[in-house]
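Student: Input: one structure, supplied below.
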Amino acid sequence: MPDMLFPVAVFFAAIFTDNILLTNYLGMCSFLSVSKELETSAGLGIAVTFVLAVTTALNWVVYHLVLVPFELEYLRFIVFIIIIAAFVQLIEMVIERYSEGLYFALGIFLPLITVNCAILGASLFMIIRDYSFITSFFFGLGSGIGWFIAIMAMAGIRQRLKNAKIPPGLDGAGIALVIAGFMAMAFMGFSGMIQIS
Amino acid sequence: MIETLLISVLIITLIASVLALLMVIAEATVGNYGVVKITINDSKEFEVIGGQPLLKTLNSEGIFIPSACGGRGSCGLCKVQVLEGGGNYLPTELPWINDEERKNQVRISCQLKVKNPLKIKIPEELFLVKEYTTTVESIRDLTHDIKEVVLALVDPPHIEPKAGQFVQFQVPEYELTDEPVYRAYSMATVPSNNTHIELQIRLVPNGICTTYVHKYLKVGDTVIVNGPYGEFFLRDSDKDVIFIAGGSGMAPIKSILLDMAEKKSRRKATYFFGARTGKDLFLIEEMRELEKEMENFTFIPALSEPTPEDNWTGETGLITEVVRRLAGDATNSEAYLCGSPGMIDACIHVLHDLGMPEESVYFDKFS
């Protein structure tokens with residue numbers, strides 16, 4: 001594959017074949033708790049996509065320009081976490097001040113995102129897989145869009161489930177996990193499309 | 001070895017400091033809304049630091065807005081009319097606002113942040129609300145799950161409530177809450193006793209305040225309350241009065257009755273008190289005393305599920321059935337209800353059937 005096209009391949013792979021939620025099962029907690037309504041799911045999905053894309057790029061810079069030169073790669077977990085937390089906090093403050101519309105749509109989800117493991121997961125994958133800066137950015141963006149698609153699909157299904165008869169023991173998170181499993185299997189159908197890693 | 005250790009500590013400190021610095025800068029620029037002017041009722045003006053919720057800001061200026069949940073946006077009580085500068089409604093406010101309130105620009109003050117100069121309108125009586133430091137003078141069991149707590153005022157030393165009003169009890173941080181929260185309780189004290197506040201607190205499983213009071217509160221502890229609040233007080237008229245209460249709904253009614261007795265009121269009053277079994281009844285003796293003292297007062301306790309051990313000879317049945325049986329024509333009476341939302345709604349229905357107009361029913365719902 002030509003190098004030029006590699007970021008594009010990673011981007012599509014992150015959405016379909018290597019979906020961070022459905023193949024790695026990361027970001028499950030907010031996926032299960034906020035996927036009851038389409039509208040709120042969309043808000044959370046967009047917020048996750050934005051934060052994933054930006055923090056992956058940000059973490060790439062800090063990792064390669066600060067941690068690697070000092071041979072402190074093992075510190076990446078803690079460094080990534082504080083960078084994500086600080087970034088989310090800053091963005092929330094900026095949005096609250098300057099864009100009322102955006103704050104209503106995304107702002108209330110931002111504090112939820114700090115602890116979304118998909119975001120830390122994407123930063124760690126980009127290190128393990130040794131992606132370049134551009135590739136990392138597209139990987140983060142693709143992972144976010146993949147997460148967005150997954151939560152939207154889940155919300156759509158769960159809205160229909162409201163009228164379904166579910167055995168009491170399975171109601172809530174139980175049935176949602178079963179559905180997530182089916183969705184993951186359905187996404188396996190994409191696996192021949194792109195091969196990376 | 002030492003060197004790697006030092007470098008790693010240094011680098012992580014550096015990264016953390018840079019981020020902290022960024023946060024501080026953001027706090028001082030983006031998060032800084034400067035000094036904002038709040039005008040209340042066109043008469044009072046305050047200069048406050050912006051950026052905090054309106055409820056908290058007013059609180060720090062010594063103005064207490066009634067709120068049962070302590071600013072989490074889950075009770076919808078802290079409504080304030082914001083005439084100018086409030087901006088659009090937040091999604092977290094909408095569940096509590098009806099069309100009429102929206103027209104009047106009523107906002108949930110714990111959700112609205114102070115960013116621009118505001119013009120607000122609050123009821124004048126809220127200016128009388130103060131924060132009181134008190135100590136617990138006595139605690140006793142009224143029933144197996146209701147405790148009577150008597151607080152002695154320390155600072156300020158006097159409170160001037162109307163009989164039937166409530167105060168907010170501040171629960172400090174403890175195992176069930178990591179920030180102070182407020183819960184509303186009616187005062188059972190007669191207003192002429194202006195140095196004490198008596199509360200009746202029923203244990204609710206996992207209730208933040210009730211668990212605190214039942215498990216941790218001891219005589220001598222300091223308790224912060226603010227108040228008095230509420231529209232639940234006896235209206236001035238000659239109409240007959242019907243009181244209906246269940247459980248700890250006894251508190252405000254007791255206060256009103258003591259006040260009537262003290263003022264030698266001659267209004268005809270009937271008090272229906274509902275409980276499940278004999279062990280849920282309390283203060284029966286005190287009420288019988290009042291019956292002797294006030295010539296026109298009748299006390300009717302009723303049990304819905306009396307057990308054989310109770311040897312119950314009084315009224316039996318749900319309180320609504322008893323009221324329907326005994327209250328008679330209610331066209332020219334006023335009613336004061338205090339208890340669970342279910343009980344109150346059912347009673348309003350019964351009173352309506354007995355001919356009472358809706359505007360003569362006053363109630364205090366537990367929430």
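Identifiers in this document derive from the order of the structure tokens: chains are assigned A, B, ..., residues are numbered from 1 separately in each chain, and ligands are numbered from 1 in order of occurrence.
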Select all residues from chain A having any atom no more than 7 Å from an atom of chain B (counting only C-alpha atoms, ignoring ligands), output as a count of residues only.
Tutor: 7
Student: For Val61 of chain A, work out the shell of residues within 9 Å, counting only C-alpha atoms and skipping chain neighbours fewer than 5 positions away, then give it as an mmCIF file with N, CA and C atoms, in the first residue's frame.
Tutor:
```cif
data_model
loop_
_atom_site.group_PDB
_atom_site.id
_atom_site.type_symbol
_atom_site.label_atom_id
_atom_site.label_comp_id
_atom_site.auth_asym_id
_atom_site.auth_seq_id
_atom_site.Cartn_x
_atom_site.Cartn_y
_atom_site.Cartn_z
ATOM 1 N N THR A 56 -5.713 12.384 20.528
ATOM 2 C CA THR A 56 -4.760 11.438 19.948
ATOM 3 C C THR A 56 -3.589 12.212 19.332
ATOM 4 N N VAL A 66 8.429 14.620 24.017
ATOM 5 C CA VAL A 66 8.867 14.722 25.413
ATOM 6 C C VAL A 66 9.257 13.365 25.985
ATOM 7 N N PHE A 133 2.242 10.988 12.851
ATOM 8 C CA PHE A 133 1.346 12.017 13.383
ATOM 9 C C PHE A 133 0.031 12.060 12.596
#
```
Student: Cys209 of chain B: which residues within 12 Å, counting only C-alpha atoms, same-chain residues fewer than 3 positions away excluded, as a PDB file with C-alpha atoms, in the first residue's frame?
Tutor:
```pdb
ATOM      1  CA  ALA B  68     -34.719  20.738  48.695  1.00  0.00           C
ATOM      2  CA  CYS B  69     -31.973  19.040  46.716  1.00  0.00           C
ATOM      3  CA  GLY B  70     -29.153  21.486  47.471  1.00  0.00           C
ATOM      4  CA  GLN B 168     -33.860  23.619  55.461  1.00  0.00           C
ATOM      5  CA  PHE B 169     -31.628  21.250  57.384  1.00  0.00           C
ATOM      6  CA  GLN B 170     -27.983  21.166  56.284  1.00  0.00           C
ATOM      7  CA  VAL B 171     -26.476  17.688  56.221  1.00  0.00           C
ATOM      8  CA  PRO B 172     -22.670  17.858  56.411  1.00  0.00           C
ATOM      9  CA  GLU B 173     -20.367  15.558  54.442  1.00  0.00           C
ATOM     10  CA  TYR B 174     -20.560  11.977  55.661  1.00  0.00           C
ATOM     11  CA  GLU B 175     -20.608   8.482  54.179  1.00  0.00           C
ATOM     12  CA  LEU B 176     -23.668   9.089  51.961  1.00  0.00           C
ATOM     13  CA  THR B 177     -22.734  12.513  50.606  1.00  0.00           C
ATOM     14  CA  PRO B 180     -23.280  19.408  52.214  1.00  0.00           C
ATOM     15  CA  VAL B 181     -26.894  18.963  51.123  1.00  0.00           C
ATOM     16  CA  TYR B 182     -30.137  20.558  52.299  1.00  0.00           C
ATOM     17  CA  ARG B 183     -33.436  18.882  53.098  1.00  0.00           C
ATOM     18  CA  ALA B 184     -36.688  20.617  54.021  1.00  0.00           C
ATOM     19  CA  TYR B 185     -38.498  19.826  57.291  1.00  0.00           C
ATOM     20  CA  ILE B 201     -37.842  13.248  60.932  1.00  0.00           C
ATOM     21  CA  ARG B 202     -38.953   9.907  59.576  1.00  0.00           C
ATOM     22  CA  LEU B 203     -36.338   7.349  58.531  1.00  0.00           C
ATOM     23  CA  VAL B 204     -36.347   6.821  54.774  1.00  0.00           C
ATOM     24  CA  PRO B 205     -34.119   3.886  53.740  1.00  0.00           C
ATOM     25  CA  ASN B 206     -30.929   5.382  52.267  1.00  0.00           C
ATOM     26  CA  TYR B 212     -27.732  11.075  59.075  1.00  0.00           C
ATOM     27  CA  VAL B 213     -30.266  12.097  61.723  1.00  0.00           C
ATOM     28  CA  HIS B 214     -31.184   8.553  62.730  1.00  0.00           C
ATOM     29  CA  LYS B 215     -27.675   7.081  62.762  1.00  0.00           C
ATOM     30  CA  TYR B 216     -25.250   9.886  63.559  1.00  0.00           C
ATOM     31  CA  LEU B 217     -26.878  12.947  65.107  1.00  0.00           C
ATOM     32  CA  VAL B 223     -26.701  21.842  63.038  1.00  0.00           C
TER      33      VAL B 223
END
```
Student: Near Val241 of chain B, within 7 Å and counting only C-alpha atoms, which residues show up once chain neighbours fewer than 3 positions away are dropped, as JSON, numbers by chain?
Tutor: {"B": [268, 269, 270, 333, 334, 335]}
Student: Got a sec: who's within 12 Å of Cys75 of chain B, counting only C-alpha atoms, leaving out chain neighbours fewer than 2 positions off, as an MDAnalysis selection string?
Tutor: chainID B and resid 66:73 77:79 92:93 95:97 108:111 182:184 366:367
Student: Find the residues around segment 296-313 of chain B up to 9 Å (only C-alpha atoms counted), leave out those fewer than 6 positions away in its own chain, and share them as a ChimeraX atom specification.
Tutor: /B:265-281,284,287-288,290,319,322
